[in-house]
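So this one's start_28.cif, mmCIF, C-alpha atoms:
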data_my_file
loop_
_atom_site.label_atom_id
_atom_site.label_comp_id
_atom_site.auth_asym_id
_atom_site.auth_seq_id
_atom_site.Cartn_x
_atom_site.Cartn_y
_atom_site.Cartn_z
CA MET A 1 -78.04 -26.95 20.43
CA SER A 2 -78.58 -30.46 21.66
CA ILE A 3 -76.92 -32.70 19.06
CA LYS A 4 -73.20 -32.35 18.63
CA TYR A 5 -71.59 -33.22 15.33
CA LYS A 6 -68.09 -34.17 14.29
CA ILE A 7 -67.21 -31.84 11.48
CA GLY A 8 -64.19 -32.02 9.19
CA ILE A 9 -63.07 -28.93 7.29
CA ILE A 10 -60.77 -29.40 4.31
CA ASN A 11 -57.96 -26.88 4.46
CA LEU A 12 -57.60 -25.80 0.84
CA GLY A 13 -54.42 -23.91 1.70
CA ILE A 14 -55.88 -20.49 1.08
CA ASN A 15 -58.88 -20.20 3.31
CA ASN A 16 -60.39 -18.17 6.00
CA ILE A 17 -59.91 -21.36 8.01
CA LYS A 18 -60.01 -19.63 11.39
CA SER A 19 -63.38 -18.03 10.85
CA LEU A 20 -64.77 -21.32 9.51
CA LYS A 21 -63.52 -23.15 12.60
CA ASN A 22 -65.07 -20.61 14.93
CA PHE A 23 -68.37 -20.83 13.08
CA PHE A 24 -68.57 -24.65 13.05
CA TYR A 25 -67.48 -24.94 16.72
CA LYS A 26 -71.06 -23.96 17.47
CA TYR A 27 -72.14 -27.35 16.08
CA GLY A 28 -69.66 -29.65 17.78
CA GLU A 29 -66.12 -30.87 17.33
CA VAL A 30 -64.13 -29.48 14.42
CA TYR A 31 -61.21 -31.21 12.68
CA VAL A 32 -59.11 -29.47 10.07
CA ILE A 33 -58.14 -31.89 7.30
CA GLU A 34 -54.82 -30.98 5.73
CA LYS A 35 -54.04 -34.11 3.79
CA ASN A 36 -55.56 -37.48 3.17
CA ASN A 37 -56.14 -39.13 6.50
CA TYR A 38 -58.61 -41.98 6.23
CA SER A 39 -59.19 -42.25 9.95
CA ILE A 40 -60.59 -38.68 10.09
CA PHE A 41 -62.84 -39.27 7.07
CA LYS A 42 -64.28 -42.32 8.84
CA GLU A 43 -64.97 -40.43 12.06
CA ILE A 44 -66.69 -37.27 10.90
CA ASP A 45 -70.44 -36.79 10.33
CA CYS A 46 -70.07 -33.93 7.91
CA LEU A 47 -67.37 -32.69 5.54
CA ILE A 48 -66.93 -28.99 4.77
CA ILE A 49 -65.26 -28.02 1.50
CA PRO A 50 -64.65 -24.30 1.79
CA GLY A 51 -62.80 -22.09 -0.54
CA ASN A 52 -61.21 -18.87 -1.28
CA GLY A 53 -58.96 -18.86 -4.26
CA THR A 54 -59.20 -19.85 -7.88
CA PHE A 55 -60.60 -23.05 -9.44
CA HIS A 56 -57.07 -23.96 -10.44
CA SER A 57 -55.54 -23.35 -7.00
CA GLY A 58 -58.31 -25.33 -5.26
CA ILE A 59 -58.07 -28.40 -7.50
CA SER A 60 -54.25 -28.46 -7.42
CA TYR A 61 -54.28 -28.31 -3.64
CA LEU A 62 -56.66 -31.27 -3.41
CA LYS A 63 -54.58 -33.22 -5.92
CA ASN A 64 -51.27 -32.52 -4.23
CA ASN A 65 -52.63 -33.65 -0.88
CA SER A 66 -54.37 -36.78 -2.20
CA LEU A 67 -57.75 -35.47 -1.11
CA ILE A 68 -59.78 -36.01 -4.29
CA ASP A 69 -60.41 -39.71 -3.79
CA PRO A 70 -61.55 -39.51 -0.15
CA ILE A 71 -63.93 -36.65 -1.01
CA LYS A 72 -65.45 -38.68 -3.84
CA LYS A 73 -65.87 -41.68 -1.56
CA PHE A 74 -67.37 -39.72 1.34
CA LYS A 75 -71.06 -40.66 1.56
CA LYS A 76 -72.15 -38.65 4.58
CA LYS A 77 -73.08 -34.97 4.36
CA ILE A 78 -70.88 -32.63 2.36
CA ILE A 79 -71.34 -28.89 2.71
CA ALA A 80 -69.48 -27.05 -0.05
CA ILE A 81 -68.98 -23.31 0.23
CA CYS A 82 -68.22 -20.79 -2.54
CA LEU A 83 -65.15 -22.08 -4.44
CA GLY A 84 -65.78 -25.41 -2.67
CA MET A 85 -69.09 -25.56 -4.55
CA GLN A 86 -67.54 -24.63 -7.89
CA ILE A 87 -64.82 -27.29 -7.81
CA LEU A 88 -67.49 -30.01 -7.50
CA PHE A 89 -68.48 -29.27 -11.11
CA GLU A 90 -66.89 -30.65 -14.27
CA GLU A 91 -65.20 -27.49 -15.50
CA SER A 92 -64.89 -23.73 -15.00
CA GLU A 93 -64.26 -20.79 -17.28
CA GLU A 94 -61.86 -19.55 -14.61
CA SER A 95 -59.35 -22.32 -15.39
CA PRO A 96 -60.38 -23.89 -18.72
CA THR A 97 -57.61 -26.50 -18.85
CA ILE A 98 -58.30 -27.92 -15.38
CA LYS A 99 -60.83 -30.67 -14.68
CA GLY A 100 -63.12 -30.31 -11.70
CA LEU A 101 -64.19 -33.09 -9.33
CA ALA A 102 -67.27 -33.76 -11.53
CA LEU A 103 -69.43 -34.82 -8.58
CA ILE A 104 -72.11 -32.57 -10.08
CA LYS A 105 -72.71 -32.41 -13.82
CA GLY A 106 -72.48 -28.95 -15.30
CA LYS A 107 -70.06 -26.07 -15.50
CA VAL A 108 -68.99 -22.85 -13.83
CA CYS A 109 -69.19 -19.62 -15.84
CA LYS A 110 -68.01 -16.07 -15.36
CA ILE A 111 -70.73 -13.70 -14.20
CA ASN A 112 -70.96 -11.38 -17.16
CA HIS A 113 -73.76 -8.85 -17.45
CA PRO A 114 -73.54 -5.07 -17.88
CA LYS A 115 -75.96 -4.52 -15.01
CA ILE A 116 -74.10 -6.69 -12.53
CA LYS A 117 -70.93 -5.42 -10.87
CA THR A 118 -68.36 -8.13 -10.36
CA PRO A 119 -67.28 -9.58 -8.13
CA LEU A 120 -70.66 -10.14 -6.65
CA LEU A 121 -69.61 -8.78 -3.28
CA GLY A 122 -71.90 -8.11 -0.36
CA TRP A 123 -75.33 -9.14 0.90
CA PHE A 124 -77.76 -10.37 -1.73
CA GLU A 125 -81.21 -11.83 -1.50
CA SER A 126 -81.54 -15.52 -2.23
CA ASN A 127 -84.95 -17.16 -2.51
CA LYS A 128 -86.72 -20.44 -2.48
CA ASN A 129 -89.79 -20.40 -4.75
CA HIS A 130 -90.05 -16.65 -4.17
CA LYS A 131 -90.72 -17.31 -0.49
CA ASN A 132 -88.29 -17.33 2.40
CA LYS A 133 -86.18 -14.52 1.01
CA LYS A 134 -82.94 -14.21 2.93
CA ASN A 135 -79.80 -12.15 2.60
CA TYR A 136 -76.47 -13.95 2.54
CA PHE A 137 -72.92 -12.73 2.08
CA PHE A 138 -71.58 -13.44 -1.42
CA ASN A 139 -68.06 -12.87 -2.73
CA ASN A 140 -67.64 -14.48 -6.15
CA SER A 141 -67.02 -13.68 -9.80
CA PHE A 142 -68.21 -17.04 -11.17
CA SER A 143 -71.48 -18.93 -10.93
CA CYS A 144 -72.45 -22.64 -11.18
CA TYR A 145 -74.76 -23.98 -13.87
CA PRO A 146 -75.82 -27.59 -13.20
CA GLU A 147 -77.16 -29.66 -16.09
CA ASP A 148 -80.12 -30.74 -14.01
CA ASP A 149 -82.26 -27.74 -12.99
CA ASN A 150 -84.10 -29.84 -10.43
CA ILE A 151 -81.17 -29.85 -8.03
CA ILE A 152 -81.28 -26.05 -7.73
CA ILE A 153 -82.87 -25.12 -4.40
CA GLU A 154 -82.30 -21.35 -4.30
CA LYS A 155 -81.29 -18.64 -6.73
CA LEU A 156 -80.31 -15.02 -6.41
CA ASN A 157 -83.14 -12.61 -6.80
CA THR A 158 -82.14 -11.08 -10.13
CA ASP A 159 -83.93 -10.42 -13.40
CA TYR A 160 -80.79 -10.18 -15.49
CA LEU A 161 -78.97 -13.43 -15.15
CA GLU A 162 -79.49 -16.74 -13.37
CA ILE A 163 -77.14 -17.06 -10.42
CA VAL A 164 -77.54 -20.25 -8.41
CA SER A 165 -77.07 -19.90 -4.67
CA VAL A 166 -78.02 -23.31 -3.20
CA ILE A 167 -77.90 -26.81 -4.67
CA LYS A 168 -78.83 -30.11 -3.08
CA PHE A 169 -77.65 -33.23 -4.88
CA LYS A 170 -77.47 -36.62 -3.17
CA ASN A 171 -75.35 -36.08 -0.03
CA ILE A 172 -74.09 -32.67 -1.20
CA TYR A 173 -75.33 -29.27 -0.04
CA ALA A 174 -73.58 -26.61 -2.06
CA LEU A 175 -73.77 -22.93 -1.10
CA GLN A 176 -72.43 -20.16 -3.33
CA PHE A 177 -72.46 -17.67 -0.43
CA HIS A 178 -70.50 -17.79 2.82
CA PRO A 179 -72.75 -19.08 5.64
CA GLU A 180 -69.90 -18.51 8.12
CA LYS A 181 -70.05 -14.79 7.26
CA SER A 182 -73.82 -14.43 6.90
CA SER A 183 -74.58 -13.72 10.54
CA SER A 184 -77.80 -15.32 11.88
CA ASN A 185 -78.98 -16.36 8.39
CA GLY A 186 -75.80 -18.40 7.99
CA PHE A 187 -76.42 -20.23 11.27
CA LYS A 188 -80.04 -20.87 10.28
CA ILE A 189 -79.25 -22.59 7.00
CA ILE A 190 -76.48 -24.73 8.51
CA ASP A 191 -78.88 -25.68 11.35
CA GLN A 192 -81.41 -26.82 8.76
CA ILE A 193 -78.87 -28.82 6.79
CA LEU A 194 -77.39 -30.58 9.81
CA ASN A 195 -80.76 -31.26 11.41
CA GLU A 196 -82.36 -32.72 8.27
CA LYS A 197 -84.89 -29.89 8.03
CA PHE A 198 -83.69 -28.73 4.67
CA MET B 1 -80.80 -7.22 -8.92
CA ILE B 2 -81.23 -5.87 -5.45
CA GLU B 3 -77.94 -4.76 -3.99
CA ASN B 4 -78.01 -4.19 -0.27
CA LYS B 5 -75.79 -1.24 0.52
CA ARG B 6 -73.16 -2.06 3.13
CA ILE B 7 -72.53 -0.24 6.39
CA ILE B 8 -68.96 -0.97 7.40
CA PRO B 9 -67.27 0.04 10.64
CA LYS B 10 -63.60 0.77 9.95
CA LEU B 11 -61.42 0.06 12.97
CA GLU B 12 -57.92 1.52 13.06
CA ILE B 13 -55.69 -0.39 15.40
CA LYS B 14 -52.39 0.54 16.99
CA ASN B 15 -50.83 -2.26 19.01
CA LYS B 16 -53.82 -3.62 20.91
CA ASN B 17 -55.84 -0.41 20.97
CA LEU B 18 -58.63 0.90 18.83
CA ILE B 19 -57.57 4.43 17.96
CA LYS B 20 -58.88 7.35 15.97
CA GLY B 21 -57.14 10.35 14.52
CA VAL B 22 -58.11 13.48 12.69
CA GLN B 23 -56.90 13.60 9.09
CA PHE B 24 -54.92 10.42 9.94
CA GLU B 25 -52.98 12.23 12.70
CA GLY B 26 -53.23 13.00 16.43
CA LEU B 27 -54.30 9.52 17.39
CA ARG B 28 -56.57 9.08 20.40
CA ILE B 29 -57.27 5.77 22.13
CA ILE B 30 -60.91 4.67 21.89
CA GLY B 31 -60.81 1.27 23.61
CA ASP B 32 -60.61 -2.46 23.04
CA PRO B 33 -61.13 -3.24 19.32
CA VAL B 34 -62.43 -6.74 20.08
CA LEU B 35 -65.31 -5.37 22.16
CA TYR B 36 -66.13 -2.70 19.58
CA ALA B 37 -66.14 -5.24 16.73
CA LYS B 38 -68.51 -7.49 18.69
CA GLU B 39 -70.83 -4.58 19.46
CA PHE B 40 -70.92 -3.47 15.80
CA PHE B 41 -71.57 -7.06 14.65
CA GLU B 42 -74.49 -7.32 17.07
CA LYS B 43 -75.81 -4.01 15.75
CA SER B 44 -75.95 -5.48 12.22
CA ALA B 45 -72.75 -4.14 10.67
CA ASP B 46 -72.40 -5.78 7.24
CA GLN B 47 -68.66 -6.21 7.35
CA ILE B 48 -65.75 -4.94 9.43
CA ILE B 49 -62.53 -3.35 8.21
CA ILE B 50 -59.43 -3.68 10.37
CA ASN B 51 -56.50 -1.39 9.63
CA ASP B 52 -53.21 -2.09 11.39
CA ILE B 53 -51.84 1.42 11.15
CA VAL B 54 -48.39 0.83 12.59
CA ALA B 55 -47.71 -2.42 10.80
CA SER B 56 -44.39 -1.35 9.39
CA LEU B 57 -43.03 -0.10 12.69
CA TYR B 58 -43.95 -2.77 15.22
CA SER B 59 -44.35 -6.48 15.33
CA ARG B 60 -47.38 -8.00 13.68
CA GLU B 61 -48.23 -10.35 16.52
CA SER B 62 -50.63 -8.05 18.32
CA ILE B 63 -52.86 -7.44 15.27
CA PHE B 64 -53.09 -11.18 14.58
CA SER B 65 -54.13 -11.96 18.15
CA THR B 66 -56.70 -9.13 18.00
CA ILE B 67 -58.28 -10.51 14.80
CA ASP B 68 -58.12 -14.03 16.21
CA LYS B 69 -60.14 -12.95 19.25
CA MET B 70 -62.61 -11.03 17.09
CA THR B 71 -63.53 -14.03 14.98
CA ASN B 72 -64.91 -15.81 18.07
CA ASP B 73 -67.85 -13.43 18.07
CA VAL B 74 -68.01 -11.75 14.67
CA PHE B 75 -69.83 -13.65 11.90
CA VAL B 76 -69.68 -11.08 9.14
CA PRO B 77 -66.65 -10.67 6.86
CA ILE B 78 -63.50 -9.09 8.22
CA THR B 79 -61.35 -7.25 5.70
CA ALA B 80 -57.90 -6.64 7.15
CA GLY B 81 -54.80 -4.84 6.04
CA GLY B 82 -52.14 -2.34 6.83
CA GLY B 83 -48.54 -2.86 5.74
CA ILE B 84 -49.14 -5.94 3.56
CA ARG B 85 -46.03 -6.52 1.42
CA SER B 86 -46.02 -10.24 0.62
CA ILE B 87 -48.13 -13.33 0.01
CA ASP B 88 -47.03 -14.55 3.45
CA ASP B 89 -48.41 -11.39 5.07
CA ILE B 90 -51.74 -12.20 3.45
CA LYS B 91 -51.68 -15.83 4.55
CA ASN B 92 -50.95 -14.70 8.11
CA PHE B 93 -53.95 -12.37 8.09
CA LEU B 94 -56.12 -15.23 6.81
CA GLU B 95 -54.84 -17.65 9.40
CA ALA B 96 -55.63 -15.11 12.10
CA GLY B 97 -59.25 -15.00 10.92
CA ALA B 98 -59.52 -12.32 8.23
CA ASP B 99 -61.68 -13.15 5.20
CA ARG B 100 -60.36 -10.62 2.72
CA VAL B 101 -57.44 -8.19 2.64
CA PHE B 102 -56.88 -4.66 1.47
CA LEU B 103 -53.74 -3.15 0.01
CA ASN B 104 -52.61 0.45 -0.20
CA THR B 105 -48.92 1.37 -0.04
CA TYR B 106 -47.44 -1.77 -1.57
CA ALA B 107 -49.90 -1.75 -4.45
CA LEU B 108 -48.85 1.82 -5.28
CA GLU B 109 -45.19 0.84 -5.19
CA ASN B 110 -45.58 -2.46 -7.01
CA PRO B 111 -48.85 -2.78 -8.95
CA GLU B 112 -47.78 -6.18 -10.36
CA PHE B 113 -48.32 -7.56 -6.85
CA ILE B 114 -52.07 -7.10 -7.39
CA LYS B 115 -51.87 -9.55 -10.29
CA ASN B 116 -49.95 -12.10 -8.20
CA ILE B 117 -52.65 -12.07 -5.54
CA SER B 118 -55.42 -12.30 -8.12
CA ASN B 119 -53.84 -15.40 -9.67
CA LEU B 120 -53.56 -17.14 -6.35
CA PHE B 121 -56.62 -16.01 -4.43
CA GLY B 122 -58.99 -14.73 -7.14
CA LYS B 123 -59.75 -11.06 -7.73
CA GLN B 124 -62.75 -11.05 -5.39
CA PHE B 125 -60.31 -11.42 -2.54
CA ILE B 126 -58.63 -8.01 -2.84
CA THR B 127 -59.72 -4.53 -1.91
CA ILE B 128 -57.53 -1.68 -3.04
CA SER B 129 -57.70 1.08 -0.47
CA ILE B 130 -56.93 4.57 -1.72
CA GLU B 131 -56.14 7.38 0.68
CA VAL B 132 -56.83 10.62 -1.15
CA LYS B 133 -55.55 14.08 -0.24
CA LYS B 134 -56.06 17.35 -2.04
CA ILE B 135 -52.74 19.06 -2.77
CA LYS B 136 -52.66 22.27 -4.84
CA ASN B 137 -56.20 21.63 -6.02
CA GLU B 138 -55.49 18.11 -7.27
CA TYR B 139 -56.34 14.78 -5.63
CA TYR B 140 -53.29 12.62 -4.91
CA CYS B 141 -53.00 9.05 -3.60
CA MET B 142 -51.10 8.96 -0.34
CA LYS B 143 -49.20 6.03 1.16
CA ASN B 144 -47.94 4.91 4.58
CA HIS B 145 -51.17 5.87 6.32
CA GLY B 146 -51.33 9.31 4.76
CA ARG B 147 -47.73 10.29 5.53
CA ASP B 148 -46.21 10.26 2.04
CA ASN B 149 -47.40 11.33 -1.37
CA SER B 150 -47.14 8.47 -3.88
CA GLY B 151 -47.03 10.97 -6.72
CA TYR B 152 -50.02 9.31 -8.37
CA LEU B 153 -52.94 11.53 -9.25
CA PHE B 154 -56.14 9.86 -8.07
CA GLU B 155 -57.61 9.50 -11.55
CA LYS B 156 -54.39 8.09 -12.96
CA TRP B 157 -54.23 5.43 -10.24
CA ILE B 158 -57.86 4.45 -10.84
CA ASP B 159 -57.01 3.95 -14.55
CA ILE B 160 -54.19 1.60 -13.57
CA ILE B 161 -56.33 -0.33 -11.10
CA LYS B 162 -59.03 -0.80 -13.72
CA GLU B 163 -56.50 -2.70 -15.84
CA TYR B 164 -55.67 -4.99 -12.95
CA ASP B 165 -59.33 -5.84 -12.42
CA VAL B 166 -59.55 -5.77 -8.62
CA GLY B 167 -62.38 -6.98 -6.39
CA GLU B 168 -63.27 -3.77 -4.61
CA ILE B 169 -62.02 -0.22 -4.16
CA GLN B 170 -62.18 1.68 -0.89
CA ILE B 171 -61.67 5.43 -1.26
CA LEU B 172 -60.88 7.43 1.87
CA SER B 173 -60.75 11.20 2.03
CA ILE B 174 -57.85 12.15 4.31
CA ASP B 175 -58.89 15.82 4.35
CA ASN B 176 -62.28 14.93 5.81
CA ASP B 177 -61.14 12.05 8.04
CA GLY B 178 -62.28 12.57 11.62
CA MET B 179 -63.50 16.10 10.78
CA GLU B 180 -67.18 15.15 11.07
CA ASN B 181 -68.04 17.46 8.20
CA GLY B 182 -69.49 14.97 5.73
CA PHE B 183 -67.85 13.33 2.73
CA ASP B 184 -65.98 15.46 0.18
CA ASN B 185 -68.67 16.03 -2.47
CA GLU B 186 -66.23 17.17 -5.12
CA LEU B 187 -64.36 13.88 -4.67
CA LEU B 188 -67.66 11.99 -4.84
CA ASP B 189 -68.50 13.66 -8.17
CA SER B 190 -65.13 12.79 -9.59
CA ILE B 191 -65.54 9.13 -8.47
CA LEU B 192 -68.96 8.90 -10.12
CA ASN B 193 -67.47 10.16 -13.39
CA LEU B 194 -64.75 7.53 -13.48
CA LYS B 195 -66.99 4.62 -14.56
CA ILE B 196 -65.51 2.07 -12.20
CA ASN B 197 -67.02 -1.37 -12.70
CA CYS B 198 -66.35 -3.03 -9.35
CA PRO B 199 -67.86 -2.40 -5.92
CA ILE B 200 -66.77 0.93 -4.38
CA ILE B 201 -66.91 1.91 -0.72
CA LEU B 202 -66.28 5.40 0.57
CA GLY B 203 -65.08 6.78 3.88
CA GLY B 204 -63.76 9.92 5.56
CA GLY B 205 -65.95 12.43 7.35
CA ILE B 206 -69.18 10.42 7.17
CA ASN B 207 -71.09 11.66 10.18
CA SER B 208 -74.87 11.39 9.71
CA ASN B 209 -77.70 9.36 8.23
CA GLU B 210 -78.24 12.06 5.60
CA VAL B 211 -74.62 11.96 4.44
CA CYS B 212 -74.82 8.15 4.12
CA HIS B 213 -78.01 8.50 2.11
CA ASP B 214 -76.51 11.05 -0.28
CA ILE B 215 -73.59 8.74 -0.98
CA LEU B 216 -75.49 5.46 -1.14
CA LYS B 217 -78.27 6.69 -3.41
CA ASN B 218 -75.70 6.48 -6.24
CA PRO B 219 -75.82 3.03 -7.85
CA GLU B 220 -72.04 3.16 -8.35
CA ILE B 221 -71.40 3.13 -4.59
CA SER B 222 -71.84 -0.13 -2.65
CA GLY B 223 -71.05 0.90 0.89
CA VAL B 224 -69.72 3.39 3.41
CA SER B 225 -66.92 2.89 5.91
CA ILE B 226 -67.42 4.76 9.16
CA SER B 227 -65.24 5.29 12.25
CA THR B 228 -65.53 8.43 14.40
CA ALA B 229 -69.30 8.83 14.02
CA LEU B 230 -69.81 5.33 15.42
CA TYR B 231 -67.55 5.90 18.43
CA ASN B 232 -69.21 9.16 19.44
CA LYS B 233 -72.65 7.69 18.64
CA GLN B 234 -73.61 10.21 15.98
CA ILE B 235 -74.48 7.18 13.87
CA ASN B 236 -76.28 4.13 15.23
CA ILE B 237 -76.24 1.30 12.67
CA PRO B 238 -79.79 -0.08 13.17
CA LYS B 239 -81.23 3.46 13.09
CA LEU B 240 -79.17 4.33 10.02
CA LYS B 241 -80.48 1.21 8.26
CA ASN B 242 -84.07 2.11 9.14
CA TYR B 243 -83.52 5.60 7.79
CA LEU B 244 -82.02 4.29 4.53
CA LYS B 245 -84.79 1.74 4.10
CA LYS B 246 -87.42 4.44 4.59
CA ASN B 247 -85.67 6.42 1.88
CA LYS B 248 -85.76 3.52 -0.57
CA ILE B 249 -82.21 2.32 -0.23
CA ASN B 250 -81.90 -1.44 0.25
CA VAL B 251 -79.99 -2.61 3.28
CA ASN B 252 -79.57 -5.94 5.01
CA GLN B 253 -81.58 -5.89 8.24
CA ILE B 254 -81.34 -8.86 10.55
#
Would you write the structure of this file as structure tokens?
Amino acid sequence: MSIKYKIGIINLGINNIKSLKNFFYKYGEVYVIEKNNYSIFKEIDCLIIPGNGTFHSGISYLKNNSLIDPIKKFKKKIIAICLGMQILFEESEESPTIKGLALIKGKVCKINHPKIKTPLLGWFESNKNHKNKKNYFFNNSFSCYPEDDNIIIEKLNTDYLEIVSVIKFKNIYALQFHPEKSSSNGFKIIDQILNEKF
Amino acid sequence: MIENKRIIPKLEIKNKNLIKGVQFEGLRIIGDPVLYAKEFFEKSADQIIINDIVASLYSRESIFSTIDKMTNDVFVPITAGGGIRSIDDIKNFLEAGADRVFLNTYALENPEFIKNISNLFGKQFITISIEVKKIKNEYYCMKNHGRDNSGYLFEKWIDIIKEYDVGEIQILSIDNDGMENGFDNELLDSILNLKINCPIILGGGINSNEVCHDILKNPEISGVSISTALYNKQINIPKLKNYLKKNKINVNQI
């Protein structure tokens, strides 16, 4: 890889932070952001909002570490992963009393269909206009529903229920699956996002 | 929806060594777990399970450094466990590079702990591992790596877990572990009858493509965890996936 990036990963407290670091090292320098530190936000080319945990735990962590404002003000690329994607929305059925970051209009709902085992755990096929089918590793019980359908780039290949897997909105690339755990397909999609080929 | 069935190498680790026993006993050293994990990742394993089998007896440091090294080269999920008894234990596994954790003994002793983890990490984060042994014609859940009987009948424990709404269940047959005689079909039938509504993976005795097929053809079962048959090369992951695909079972091929 020729271009090297400066990548900041928000540490949401409960993360697989080590495996994220090792994945993003392949793209350049990696900084773990633990609390608001304006100098780091100014330096990085791309911000990663990862997430394991619940909607409530993720939002509280950001609040307690004064990270909400700098995320909202960050105008370069944001890659949000799994829970990181969900907390960008206005609200979630997982934690009904908690407000999300509301960077994307819409809400997060529980995946609830008799034919779908939850959590959605394992490798599922995501597609772009029924072409470019690729398997990615998913591990989630909730799914994002944006108000504006046009920002949906990829969905899961399912007849039963709409499950959004990739969204692009302004500077935000939101992935419901874990690219860092999706082997070569994970590297491919991050390559495309970072190299403007998305 | 197309579910790709998962092929999962299960690595049992004692200190810094990859080991393998028969029926959870008589452990033999296989080699360096980091090298094996890398090889299985490159051969398209869908996930890797790491079991620290002496966690309660020795220091944790060696398992954390092993997982740490693994994550340099392995870009599929690592589910780790063995001796987890606190939220801090879980955080330490995560910091070392694990993506998910499994619980066995402590969940049996203190089922409320499952709820605590769910509240903090979300239910998708936890796998409950169940080590099953047939005693006087009944299946019991064992703890402490198969050494002690928890007193729970398998079906009773499944009922309890259902209430706690966990992310995944791994069921291991101790009687067939390392015996290379296939999975316990009677146990499989009983699992299929239990109407479990979360992903289930099975392990213990899985030793051929045909055995994997017979398990994975059931929509209730999401994956198989394999150890011995991978070390002695009875199962080769890419060949297994080709075989399954040919027999109309979806798998993730890279």
So what do you get for atom CA of A:Lys117 versus atom CA of A:Ala174, distance-wise?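 Separation between atom CA of A:Lys117 and atom CA of A:Ala174: 23.1 Å.
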I'd like to know which of B:Leu11, B:Val132, B:Ile237, B:Met70 is closest to chain A, using only C-alpha atoms. B:Met70
As a check of understanding, name the residues that the PyMOL selection byres ((chain B and resi 176-178) around 10) selects in the supplied structure, as a list in words.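 Selected by the PyMOL selection byres ((chain B and resi 176-178) around 10) here: Lys20, Gly21, Val22, Gln23, Phe24, Glu25, Val132, Lys133, Leu172, Ser173, Ile174, Asp175, Met179, Glu180, Asn181, Gly182, Phe183, Asp184, Gly203, Gly204, Gly205, Ile206, Asn207, Ile226, Ser227, Thr228 and Ala229 of chain B.
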Just give me the gap between atom CA of A:Lys155 and atom CA of B:Phe40 in Å, one decimal is fine. 29.1 Å
Identify all residues satisfying the PyMOL selection byres ((chain B) within 7 of (chain A)) in the given file; provide them as a list of chain:residue names.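 Taken on the displayed file, the PyMOL selection byres ((chain B) within 7 of (chain A)) yields the residues B:Met1, B:Ile2, B:Glu3, B:Asn4, B:Thr71, B:Asn72, B:Phe75, B:Val76, B:Pro77, B:Leu94, B:Glu95, B:Ala96, B:Gly97, B:Ala98, B:Asp99, B:Leu120, B:Phe121, B:Gly122, B:Gln124, B:Gly167, B:Asn197, B:Cys198, B:Pro199, B:Asn252.
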